[in-house]
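File shown: model.cif. Contents: mmCIF, C-alpha atoms and all ligand atoms.
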data_work
loop_
_atom_site.label_atom_id
_atom_site.label_comp_id
_atom_site.auth_asym_id
_atom_site.auth_seq_id
_atom_site.Cartn_x
_atom_site.Cartn_y
_atom_site.Cartn_z
CA MET A 1 54.71 175.55 129.60
CA GLU A 2 52.22 173.27 127.87
CA ARG A 3 53.55 174.38 124.48
CA ARG A 4 57.14 173.48 125.44
CA ARG A 5 56.04 170.00 126.53
CA LEU A 6 54.22 169.46 123.21
CA ILE A 7 57.29 170.55 121.22
CA LYS A 8 59.48 168.12 123.17
CA ALA A 9 56.98 165.31 122.62
CA GLY A 10 56.84 166.10 118.91
CA ALA A 11 60.63 166.04 118.59
CA ALA A 12 60.80 162.71 120.40
CA GLY A 13 58.12 161.29 118.12
CA ALA A 14 59.93 162.47 115.00
CA ALA A 15 63.17 160.92 116.24
CA LEU A 16 61.35 157.65 116.89
CA LEU A 17 59.84 157.69 113.40
CA LEU A 18 63.24 158.30 111.84
CA THR A 19 64.77 155.43 113.81
CA GLN A 20 61.95 153.09 112.88
CA GLY A 21 62.15 154.14 109.25
CA VAL A 22 65.86 153.33 109.03
CA ALA A 23 65.42 150.06 110.89
CA GLY A 24 62.55 149.13 108.59
CA ALA A 25 64.65 149.84 105.50
CA ASP A 26 67.50 147.70 106.83
CA SER A 27 65.11 144.87 107.54
CA TYR A 28 63.62 145.16 104.05
CA ASN A 29 67.08 145.15 102.40
CA LYS A 30 68.00 142.01 104.35
CA THR A 31 64.81 140.36 103.14
CA LEU A 32 65.70 141.28 99.56
CA ALA A 33 69.18 139.81 99.90
CA LYS A 34 67.79 136.47 101.11
CA ARG A 35 65.08 135.94 98.54
CA LYS A 36 65.32 133.25 95.89
CA ILE A 37 65.21 134.85 92.47
CA ASN A 38 63.95 132.80 89.54
CA THR A 39 65.34 133.38 86.06
CA LEU A 40 64.52 132.34 82.53
CA THR A 41 66.16 128.92 82.36
CA ASN A 42 65.22 127.84 78.85
CA LYS A 43 65.07 130.76 76.42
CA LYS A 44 64.10 128.57 73.44
CA ASN A 45 61.25 126.82 75.22
CA PRO A 46 60.16 128.75 78.33
CA SER A 47 57.67 127.16 80.69
CA VAL A 48 54.21 128.68 81.14
CA LEU A 49 55.31 129.88 84.58
CA GLU A 50 58.32 131.65 83.01
CA LYS A 51 56.20 133.17 80.22
CA LYS A 52 53.88 134.72 82.84
CA HIS A 53 56.45 135.79 85.44
CA VAL A 54 59.76 136.78 83.84
CA PRO A 55 59.55 140.58 83.40
CA LEU A 56 60.37 142.39 80.16
CA VAL A 57 62.14 145.76 80.32
CA GLU A 58 61.43 148.23 77.51
CA ALA A 59 63.52 151.39 77.16
CA PRO A 60 65.34 153.37 74.44
CA LYS A 61 68.60 151.83 73.22
CA SER A 62 70.34 155.16 73.68
CA VAL A 63 69.59 158.25 75.76
CA LYS A 64 71.13 161.64 76.38
CA LYS A 65 72.99 162.15 79.61
CA GLY A 66 70.86 163.98 82.19
CA GLN A 67 67.56 163.67 80.27
CA TRP A 68 64.52 161.89 81.71
CA PHE A 69 63.32 158.86 79.79
CA LYS A 70 60.63 156.26 80.31
CA VAL A 71 61.12 152.61 81.17
CA ARG A 72 58.24 150.16 80.98
CA VAL A 73 58.27 146.79 82.70
CA LYS A 74 55.78 144.15 81.57
CA VAL A 75 55.10 140.97 83.53
CA GLY A 76 55.42 138.46 81.99
CA PHE A 77 57.53 138.72 78.92
CA MET A 78 55.30 136.47 76.75
CA ILE A 79 51.94 136.16 78.54
CA GLU A 80 50.44 138.90 80.70
CA HIS A 81 50.36 137.87 84.33
CA PRO A 82 46.85 137.72 85.82
CA SER A 83 45.63 140.30 88.30
CA LYS A 84 43.06 138.75 90.63
CA PRO A 85 42.20 139.42 94.27
CA ASP A 86 44.12 136.28 95.30
CA HIS A 87 46.88 136.24 92.66
CA TRP A 88 48.74 139.32 91.39
CA ILE A 89 52.12 140.99 90.88
CA ASP A 90 52.65 142.81 94.15
CA ARG A 91 56.03 144.39 93.48
CA ILE A 92 58.10 145.44 90.47
CA GLU A 93 61.53 146.93 90.96
CA LEU A 94 63.94 148.48 88.51
CA GLN A 95 67.64 147.74 88.84
CA MET A 96 70.54 149.63 87.31
CA ASN A 97 73.83 147.76 87.08
CA GLY A 98 72.50 145.28 89.65
CA LYS A 99 71.31 147.85 92.19
CA ARG A 100 67.68 148.66 93.03
CA VAL A 101 66.87 152.22 91.96
CA SER A 102 63.08 152.34 91.98
CA GLU A 103 60.12 150.21 92.88
CA MET A 104 56.37 150.00 92.42
CA VAL A 105 54.19 148.24 94.99
CA ASN A 106 50.69 146.92 94.27
CA VAL A 107 48.95 146.53 97.59
CA VAL A 108 45.78 144.95 96.22
CA GLY A 109 45.27 142.39 93.46
CA GLY A 110 42.52 142.44 90.86
CA ILE A 111 42.60 146.18 90.23
CA THR A 112 46.34 146.73 89.77
CA SER A 113 48.25 146.11 86.56
CA PRO A 114 51.17 143.70 86.10
CA ASN A 115 53.02 146.55 84.36
CA ALA A 116 55.13 149.32 85.82
CA TYR A 117 56.28 152.62 84.36
CA PHE A 118 59.36 154.41 85.58
CA GLU A 119 60.99 157.67 84.53
CA ILE A 120 64.69 157.95 85.20
CA ARG A 121 67.75 159.84 84.01
CA LEU A 122 71.36 158.80 83.83
CA ASN A 123 73.97 161.38 84.63
CA ARG A 124 77.10 159.61 83.37
CA SER A 125 78.10 158.63 79.85
CA GLY A 126 78.64 154.98 79.04
CA ASP A 127 76.70 151.73 78.98
CA VAL A 128 74.14 150.90 81.65
CA LYS A 129 72.47 147.57 82.36
CA LEU A 130 68.79 147.70 83.29
CA GLU A 131 66.88 144.77 84.75
CA ALA A 132 63.56 144.31 86.52
CA VAL A 133 62.55 142.07 89.38
CA ALA A 134 58.89 141.16 89.79
CA ASN A 135 57.24 139.42 92.70
CA CYS A 136 54.09 137.34 92.38
CA ASN A 137 52.26 136.76 95.64
CA LEU A 138 51.93 133.04 94.78
CA HIS A 139 54.86 132.18 92.50
CA GLY A 140 57.82 134.07 93.91
CA THR A 141 60.39 136.51 92.59
CA TRP A 142 61.55 136.69 88.97
CA LEU A 143 64.42 138.50 87.23
CA SER A 144 64.18 139.86 83.68
CA GLU A 145 66.73 139.42 80.97
CA PRO A 146 69.04 142.47 81.02
CA ILE A 147 68.88 145.29 78.50
CA HIS A 148 71.72 147.69 77.81
CA ILE A 149 71.41 151.41 77.25
CA ARG A 150 74.01 153.70 75.76
CA VAL A 151 74.21 157.06 77.54
CA ALA A 152 75.81 159.82 75.49
FE FE B 201 51.84 134.23 89.54
#
Whole structure, structure tokens version:
Amino acid sequence: MERRRLIKAGAAGAALLLTQGVAGADSYNKTLAKRKINTLTNKKNPSVLEKKHVPLVEAPKSVKKGQWFKVRVKVGFMIEHPSKPDHWIDRIELQMNGKRVSEMVNVVGGITSPNAYFEIRLNRSGDVKLEAVANCNLHGTWLSEPIHIRVA
């Protein structure tokens, strides 16, 4: 009898976790949609803030369909962003054709790098646009310049 009660309680707990997980993801996606995203406004003469916050995406120019390849994201594209206990890059996401496909989260500043490494594969032939979005805990969210990859 006791065992049956525990199984029921466990199932209810799992259902609750699943519900909360989905609700949390929806809430997070809504937050993403509302955020102000900064971009590189003056490519010939970027500001110091832009040099330190606009991410740079590095990946092969062409890849084979279905094969894993590495993507590196550096923040920023000209000057490395600091990593201090009170000022750091707390999130770097990778976007493919404008959609978020992967993300790295740095929970603590000072010991985490302003770089992210992803490994992805593309399963369709054609051209793909990759971009990165980085978030600084003090200076907001920043979008990289796009790069284009040929998948053959
Ligand atoms: Fe910053």
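Across the model, the gap from CA of Tyr117 in chain A to CA of Val133 in chain A is 13.3 Å.
Proximity to His81 in chain A at 9 Å, evaluated using all atoms listed in the file and with sequence-adjacent residues fewer than 4 positions away removed, yields Lys51, Lys52, His53, Lys74, Val75, Gly76, Trp88, Ile89, Ser113, Pro114 and Cys136 of chain A.
Residues surrounding Val108 in chain A within 10 Å are Ser83, Lys84, Pro85, Asp86, His87, Trp88, Ile89 and Asp90 of chain A [all atoms listed in the file; sequence separation below 6 positions excluded].
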Export of the given selection (C-alpha atoms) as a compact mmCIF listing (two decimals), in the coordinates of the input:
# COMPACT_ATOMS: atom_id res chain seq x y z
CA SER A 83 45.63 140.30 88.30
CA LYS A 84 43.06 138.75 90.63
CA PRO A 85 42.20 139.42 94.27
CA ASP A 86 44.12 136.28 95.30
CA HIS A 87 46.88 136.24 92.66
CA TRP A 88 48.74 139.32 91.39
CA ILE A 89 52.12 140.99 90.88
CA ASP A 90 52.65 142.81 94.15
Need to verify the contact set: Asp127 in chain A, 12 Å, only C-alpha atoms, exclusion of same-chain residues closer than 5 positions in sequence. Can you return it as a short mmCIF file (atom, residue, chain, number, x, y, z; two decimals) with C-alpha atoms, in the frame of the given file?
data_model
loop_
_atom_site.label_atom_id
_atom_site.label_comp_id
_atom_site.auth_asym_id
_atom_site.auth_seq_id
_atom_site.Cartn_x
_atom_site.Cartn_y
_atom_site.Cartn_z
CA LYS A 61 68.60 151.83 73.22
CA SER A 62 70.34 155.16 73.68
CA VAL A 63 69.59 158.25 75.76
CA LYS A 64 71.13 161.64 76.38
CA LYS A 65 72.99 162.15 79.61
CA MET A 96 70.54 149.63 87.31
CA ASN A 97 73.83 147.76 87.08
CA LEU A 122 71.36 158.80 83.83
CA ILE A 147 68.88 145.29 78.50
CA HIS A 148 71.72 147.69 77.81
CA ILE A 149 71.41 151.41 77.25
CA ARG A 150 74.01 153.70 75.76
CA VAL A 151 74.21 157.06 77.54
CA ALA A 152 75.81 159.82 75.49
#
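In this structure, CA of Ser47 in chain A sits 28.0 Å away from CA of Pro60 in chain A.
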Just give me the gap between CA of Glu50 in chain A and CA of Asn38 in chain A in Å, one decimal is fine.
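Between these atoms lies a distance of 8.7 Å.
Here the question is which of A:Pro82, A:Pro146, A:Gly109, A:Pro55 gets nearest to ligand FE 201 (chain B) using only C-alpha atoms and all ligand atoms, and that residue is A:Pro82.
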List every protein, DNA or RNA residue with an atom no more than 9 Å from (52.3, 150.8, 89.9) in the file's coordinates, counting all atoms listed in the file, and format the result as number ranges by chain.
A: 91-92, 103-106, 112-117
Please provide as a list of chain:residue names all residues within 10 Å of Gly98 in chain A, with the sequence filter that same-chain residues fewer than 6 positions apart are discarded (counting all atoms listed in the file).
A:Val128, A:Lys129, A:Leu130, A:Glu131, A:Ala132, A:Pro146
Given only C-alpha atoms and all ligand atoms as the basis, pick out the residue of A:Leu143, A:Val57, A:Ala134, A:Val101 nearest to ligand FE 201 (chain B).
A:Ala134
